[in-house]
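This report refers to the structure that appears directly beneath it.
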Amino acid sequence: ENDALTYSFDDAFDATYTEANYNKITSLYEMDPSTGAVSVKSGATLDYESADSVLTIRVKVVDDAATTSGVGKDSAYAVVVLQIVDQNEAPVVRDTSFTVDENVLAGTEVGQVVAMDPDIKSLVFGVLKYSIVETDVPFAIDNQGVITVSADSVLDFETKPSWTIHVTVTDGFLPQTVEVVIMINDLNEPPHIEEPEDKYNVVENTSNGVVFASIKVADLDGDDGRTTLTAKLENL
């Protein structure tokens with residue numbers, strides 16, 4: 001007697017089990033004809049987030065022994081569902097840079113760190129949270145990845161022309177940390193009168209050209225190439 005069985009994905013197509021469906025399954029999986037074991041095909045990549053996460057096909061099993069009448073072989077069919085189980089994947093995020101003006105107010109938006117979670121279909125893995133690693137920087141970040149200035153007038157090009165911070169993005173299980181460089185845009189600022197007096201006294205009959213007061217003025221934009229300051233008296 002021959003009690004061997006032969007297993008295969010059924011290639012008899014109909015409206016339910018189409019040729020396209022058969023081609024998709026056989027591009028991802030293969031079946032051992034002797035045991036019926038299904039395995040991932042060499043070189044194939046299974047992706048839960050794809051449209052191929054659940055596929056259904058008929059399996060054909062043929063009894064290799066001839067029928068008692070000596071004509072043909074007996075066959076049986078079963079429907080098999082091949083379902084990919086989700087595994088958590090780390091968020092995808094890259095180093096980035098932004099530019100913001102100096103002297104801006106708290107709440108000013110700097111830019112948005114854009115991250116993508118491959119597990120977007122998952123209610124468990126697909127929610128991202130953002131945080132800034134450093135605690136001593138004048139920036140904040142929300143759960144949309146938007147970075148804002150956290151205090152009024154703390155960004156000063158002349159003191160610190162750029163900031164480098166690190167942002168961690170996590171789905172609650174797998175964190176990813178990237179570098180964010182924030183360039184401070186230099187703005188022209190008015191000259192600053194240092195320790196001005198409320199009034200300056202001058203002796204009567206003082207001759208022309210005699211210096212009786214000195215007003216010290218500093219230009220905070222000393223490196224901007226505009227080094228000449230002009231002064232005039234008003235409301236005399």
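Labels for the structure tokens follow display order: chains A, B, ..., residues from 1 in each chain, ligands from 1.
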9 Å contact set for Leu187 of chain A, only C-alpha atoms, chain neighbours under 4 positions out, as a ChimeraX atom specification:
/A:101-103,157,221
Considering only C-alpha atoms, tabulate each residue of segment 172-201 of chain A that lies at most 12 Å from segment 127-144 of chain A along with its nearest interatomic pair and the corresponding distance in Å to one decimal; arrange the rows by chain and ascending residue number and present them as a Markdown table.
| residue | atom | partner | partner_atom | distance |
| --- | --- | --- | --- | --- |
| A:Gly172 | CA | A:Leu128 | CA | 7.3 |
| A:Phe173 | CA | A:Leu128 | CA | 10.0 |
| A:Leu174 | CA | A:Leu128 | CA | 10.0 |
| A:Pro175 | CA | A:Lys129 | CA | 9.3 |
| A:Gln176 | CA | A:Tyr130 | CA | 9.8 |
| A:Thr177 | CA | A:Val133 | CA | 8.6 |
| A:Val178 | CA | A:Val133 | CA | 9.9 |
| A:Glu179 | CA | A:Val133 | CA | 10.0 |
| A:Val180 | CA | A:Ile132 | CA | 9.8 |
| A:Val181 | CA | A:Phe139 | CA | 11.9 |
| A:Ile182 | CA | A:Phe139 | CA | 10.0 |
If you run DSSP over the backbone, which residues in segment 16-211 of chain A end up helix (DSSP H, G or I)? Put them as a CSV table (one decimal) with C-alpha atoms, in the first residue's frame.
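As written to disk, selection.csv reads:
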chain,number,residue,atom,x,y,z
A,19,GLU,CA,-4.6,33.8,-8.8
A,20,ALA,CA,-3.5,37.1,-7.4
A,21,ASN,CA,-4.0,35.8,-3.9
A,22,TYR,CA,-2.2,32.6,-4.7
A,23,ASN,CA,0.8,34.6,-6.1
A,24,LYS,CA,0.9,36.8,-3.1
A,25,ILE,CA,1.0,33.8,-0.7
A,26,THR,CA,3.5,31.8,-2.6
A,27,SER,CA,5.8,34.9,-2.7
A,28,LEU,CA,5.8,34.9,1.1
Within segment 45-231 of chain A, find each residue whose DSSP state, derived from the backbone, is strand (DSSP E), and express the selection as number ranges by chain.
A: 54-66, 73-83, 92-93, 96-101, 109-112, 115-116, 129-132, 139-141, 146-149, 162-170, 175-185, 192-193, 217-218
Residue nearest Asn185 of chain A among A:Leu155, A:Ala44, A:Ile147, A:Val92 (counting only C-alpha atoms):
A:Leu155
Neighbouring residues of Ala151 of chain A were defined as those with any atom within 7 Å, considering only C-alpha atoms; residues of the same chain fewer than 3 positions away were excluded. Please report them as JSON, numbers by chain.
{"A": [105, 106, 138, 154]}
Mind writing the picked residues with N, CA, C and O atoms as a PDB file, in the first residue's frame?
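See result03.pdb below for the written result:
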ATOM      1  N   LEU A 105       9.554  85.533  22.939  1.00  0.00           N
ATOM      2  CA  LEU A 105       8.814  85.276  24.171  1.00  0.00           C
ATOM      3  C   LEU A 105       8.594  83.782  24.393  1.00  0.00           C
ATOM      4  O   LEU A 105       8.681  82.978  23.452  1.00  0.00           O
ATOM      5  N   ALA A 106       8.282  83.443  25.632  1.00  0.00           N
ATOM      6  CA  ALA A 106       7.961  82.059  25.960  1.00  0.00           C
ATOM      7  C   ALA A 106       6.764  81.598  25.137  1.00  0.00           C
ATOM      8  O   ALA A 106       5.818  82.366  24.897  1.00  0.00           O
ATOM      9  N   PRO A 138      16.377  76.205  27.820  1.00  0.00           N
ATOM     10  CA  PRO A 138      15.163  77.032  27.778  1.00  0.00           C
ATOM     11  C   PRO A 138      14.160  76.579  26.708  1.00  0.00           C
ATOM     12  O   PRO A 138      13.613  77.401  25.973  1.00  0.00           O
ATOM     13  N   VAL A 154      15.199  84.699  26.763  1.00  0.00           N
ATOM     14  CA  VAL A 154      16.394  83.986  27.253  1.00  0.00           C
ATOM     15  C   VAL A 154      17.342  83.604  26.123  1.00  0.00           C
ATOM     16  O   VAL A 154      18.492  83.226  26.382  1.00  0.00           O
TER      17      VAL A 154
END
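With only C-alpha atoms as the atoms that count, the residue of A:Pro161, A:Pro118, A:Gly107, A:Gly43 with the shortest distance to Gln87 of chain A is A:Pro118.
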How far is it from atom CA of Ser162 of chain A to atom CA of Val110 of chain A, in Å with one decimal?
12.5 Å
Could you tell me how far atom CA of Val104 of chain A sits from atom CA of Asp152 of chain A, in Å to one decimal place?
6.4 Å
Can you measure atom CA of Asp119 of chain A to atom CA of Ser42 of chain A for me? One decimal in Å is fine.
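The value is 24.1 Å.
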Restricting the calculation to only C-alpha atoms, which member of A:Asp117, A:Thr18, A:Val81, A:Thr96 is positioned closest to Val38 of chain A?
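With only C-alpha atoms as the atom set, the closest residue is A:Val81.
Distances to Thr168 of chain A were evaluated for A:Glu204, A:Asp156, A:Asp186, A:Asp95 using only C-alpha atoms, and the minimum falls at A:Asp95.
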Within 10 Å of Thr230 of chain A, counting only C-alpha atoms, which residues qualify if same-chain residues fewer than 2 places away don't, as a PyMOL selection string?
chain A and resi 191+228+232
Have a look at A:Glu194, A:Glu158, A:Glu109, A:Asp10 and name the one nearest to Val146 of chain A; count only C-alpha atoms.
A:Glu109
